[in-house]
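The block underneath contains the structure these notes are about, expressed in structure tokens.
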Protein chains: 2
Amino acid sequence: MRILLEVAYDGTDYHGWQFQENADTIEGELNRAISALIKKETEVIGASRTDAGVHGLCNLAVFDSDMDIPADKYAYALNTMLPPDIRIRRSVKVADDFHPRRMKVTKTYRYTIDCEEFPNPLKTRYAHFTYGKIDVDLMSQAAIYLIGEHDFTSFCSTATTAVSAVRTIYDIGVTRQNEDIFITVTGNGFLYNMVRIIAGTLMEVGRGRIAPKEVKDILEAKDRTKAGPTAEACGLALLKIDWEGDLKIDG
Amino acid sequence: MRILLEVAYDGTDYHGWQFQENADTIEGELNRAISALIKKETEVIGASRTDAGVHGLCNLAVFDSDMDIPADKYAYALNTMLPPDIRIRRSVKVADDFHPRRMKVTKTYRYTIDCEEFPNPLKTRYAHFTYGKIDVDLMSQAAIYLIGEHDFTSFCSTATTAVSAVRTIYDIGVTRQNEDIFITVTGNGFLYNMVRIIAGTLMEVGRGRIAPKEVKDILEAKDRTKAGPTAEACGLALLKIDWEGDLKIDG
């Protein structure tokens, strides 16, 4: 039977999701734990290949198992075998052809900026620290231009291998809670470094270096050099993946 | 001149504040960085010797310097020389006889409990995770009995070296924000493991294993075995130290 895992992880100490022969990866840790548990060499299929240092609160991974274990118990069993910075939050039975990258999904990422006067070491792992004032209202005004279906070439690493740069952003919110600023982006998929380049550009807007309406020009230029810098990985977390269709839950 | 540092740190990877010859400590890192900066073998005097794994948002440390550097610049200079999990939040000039352990101070600690359904790896370093339901109202009712001047022998590790176990707790608040429970304790000083034993006992109350009014009996028993377990270090953070008297700020 095919098991779907909801996986949360602190990406700080990993070279990203995707398996690499000589580096610690989330996928590598999952493959190791699952193979040991079900006593069969296994490779998971993941939904989002998050970058080195990026965190996940609900990435998805599937694998097939012949073991006679109720689906919901895989979460408990695997959590005893995984390092504490990777946790399975849920395990459910899904259809045998369920493939997390061949579904119509909606992904939500959050980028966190720490605006305290001095860096707070309890936030270093999960937030980008920045000195100086950032205007959240300007960032919100700029973000509106990114909503909708666009060619996001300006907001994509030139190292991309994607054939098309057209993606749809359903919503971007910029909110402030005390000394934290959150940029929350929901879309049907994201290009390589896209959320981090959006965050880096919106921070430039918040600092007054780019006017909100210039973001429209940057988007239309389809030129990576026009946008702001790629914001550092630590501030980024994959919050949620929603998908269409039935999910058959075992038991 | 005597310089006072406000120090924040993620205690996860340290064997506590207090210097140890063969282990990483906050004090050891500070001594190393300051000695290198002012080119003189220096040992700081700290305010609170937090335990291994406990975090600090504003611990205090003083040292004497002959260097011709404005007091507020020490924070910036030392932050370039310290590991990222230790940050100086402020540096100010104080009177030459200022001693952070010989002042009348008020300390505030916060204990964080993660009550999500499954452990959240982005909280593992800074919160104690617990399965099952915890009733915050019961915890609040119990906490009231601890407010005031009491002999806290029941809430002190038997490994203590303190002569008297009498301390004053000015306030304890138990609050819930989404899936986090915060126990915030303010007092004139705390015994060895005192906040962690208070947290461990209040969690037993929240689970219904100890009735709120029994906490009064536990206090009066002056017997460590009557209280709950010592809650794990990661959930604890020193939030604030307030003191009476003038603080001469340079410039």
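Simple scheme: letters A, B, ... for chains in structure tokens order, numbers from 1 for residues in each chain, numbers from 1 for ligands in the order shown.
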Discussion item. What's around A:Ala52 at 10 Å? Count only C-alpha atoms, leave out sequence neighbours fewer than 4 positions away in its own chain, and write the answer as a count of residues only.
Written reply: 13
Practice prompt. Compile the residues of chain B that lie within 7 Å of chain A, evaluated using only C-alpha atoms, and express the compilation as a ChimeraX atom specification.
Written response: /B:8-10,84-87,89,118-122
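Those residues in stretch 3-90 of chain A carrying a DSSP assignment of strand (DSSP E or B), computed from the backbone, are Ile3, Leu4, Leu5, Glu6, Val7, Ala8, Tyr9, Ile45, Gly46, His55, Gly56, Leu57, Cys58, Asn59, Leu60, Ala61, Val62, Phe63, Asp64, Ile86, Arg87, Ile88, Arg89 and Arg90 of chain A.
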Worksheet item: How many Å lie between atom CA of B:Arg110 and atom CA of B:Met81, rounded to one decimal?
Response: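 Going from atom CA of B:Arg110 over to atom CA of B:Met81 covers 28.3 Å.
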Fill in: Residue neighbourhood B:Glu179, 12 Å, only C-alpha atoms, exclusion window fewer than 4 positions, as a PyMOL selection string
chain B and resi 112-120+123+127-134+136+175
Worksheet entry | Nearest-residue call for B:Ala143, choices B:Arg101, B:Lys216, B:Lys73, B:Lys107, using only C-alpha atoms | B:Lys216
Worksheet item: Distance atom CA of B:Ala142-atom CA of B:Phe190, one decimal place?
Response: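 Between atom CA of B:Ala142 and atom CA of B:Phe190 the gap is 18.6 Å.
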Fill in: Selection near B:Arg224, 7 Å with only C-alpha atoms, sequence-local residues under 2 positions removed, as a PyMOL selection string
chain B and resi 153-156+222+226-227
Discussion item. For a test of reading the model, state the distance in Å between atom CA of B:Lys104 and atom CA of B:Gly46, rounded to one decimal.
Written reply: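 One can read the atom CA of B:Lys104 to atom CA of B:Gly46 distance as 14.4 Å.
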Item to complete: Return the single residue from B:Thr186, B:Thr80, B:Ser65, B:Thr161 that is closest to B:Asp242, with distances computed using only C-alpha atoms.
Response: B:Thr186
Discussion item. From a backbone DSSP assignment, name each residue in stretch 67-195 of chain B labelled helix (DSSP H, G or I), as a list in words.
Written reply: Lys73, Tyr74, Ala75, Tyr76, Ala77, Leu78, Asn79, Val136, Asp137, Leu138, Met139, Ser140, Gln141, Ala142, Ala143, Ile144, Tyr145, Leu146, Thr153, Ser154, Phe155, Met194 and Val195 of chain B
Item to complete: Could you give me, as JSON, numbers by chain, the residues within 6 Å of stretch 28-33 of chain B, counting only C-alpha atoms and dropping anything in the same chain fewer than 5 positions from it?
Response: {"B": [19, 42, 43, 81]}
Worksheet item: Skipping near chain neighbours, those fewer than 4 positions away, what residues fall within 9 Å of A:Ile3 using only C-alpha atoms, listed as a PyMOL selection string?
Response: chain A and resi 61-65+71+74+91-96
Practice prompt. Considering only C-alpha atoms, return as a PyMOL selection string whatever protein or nucleic-acid residues lie within 10 Å of B:Trp243, sequence-local ones (same chain, fewer than 6 positions apart) excluded.
Written response: chain B and resi 100+103-107+188
Item to complete: Between A:Met139, A:Leu4, A:Leu238, A:Ile172, single out the one closest to A:Thr201, counting only C-alpha atoms.
Response: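 Selected residue with least distance to A:Thr201: A:Met139.
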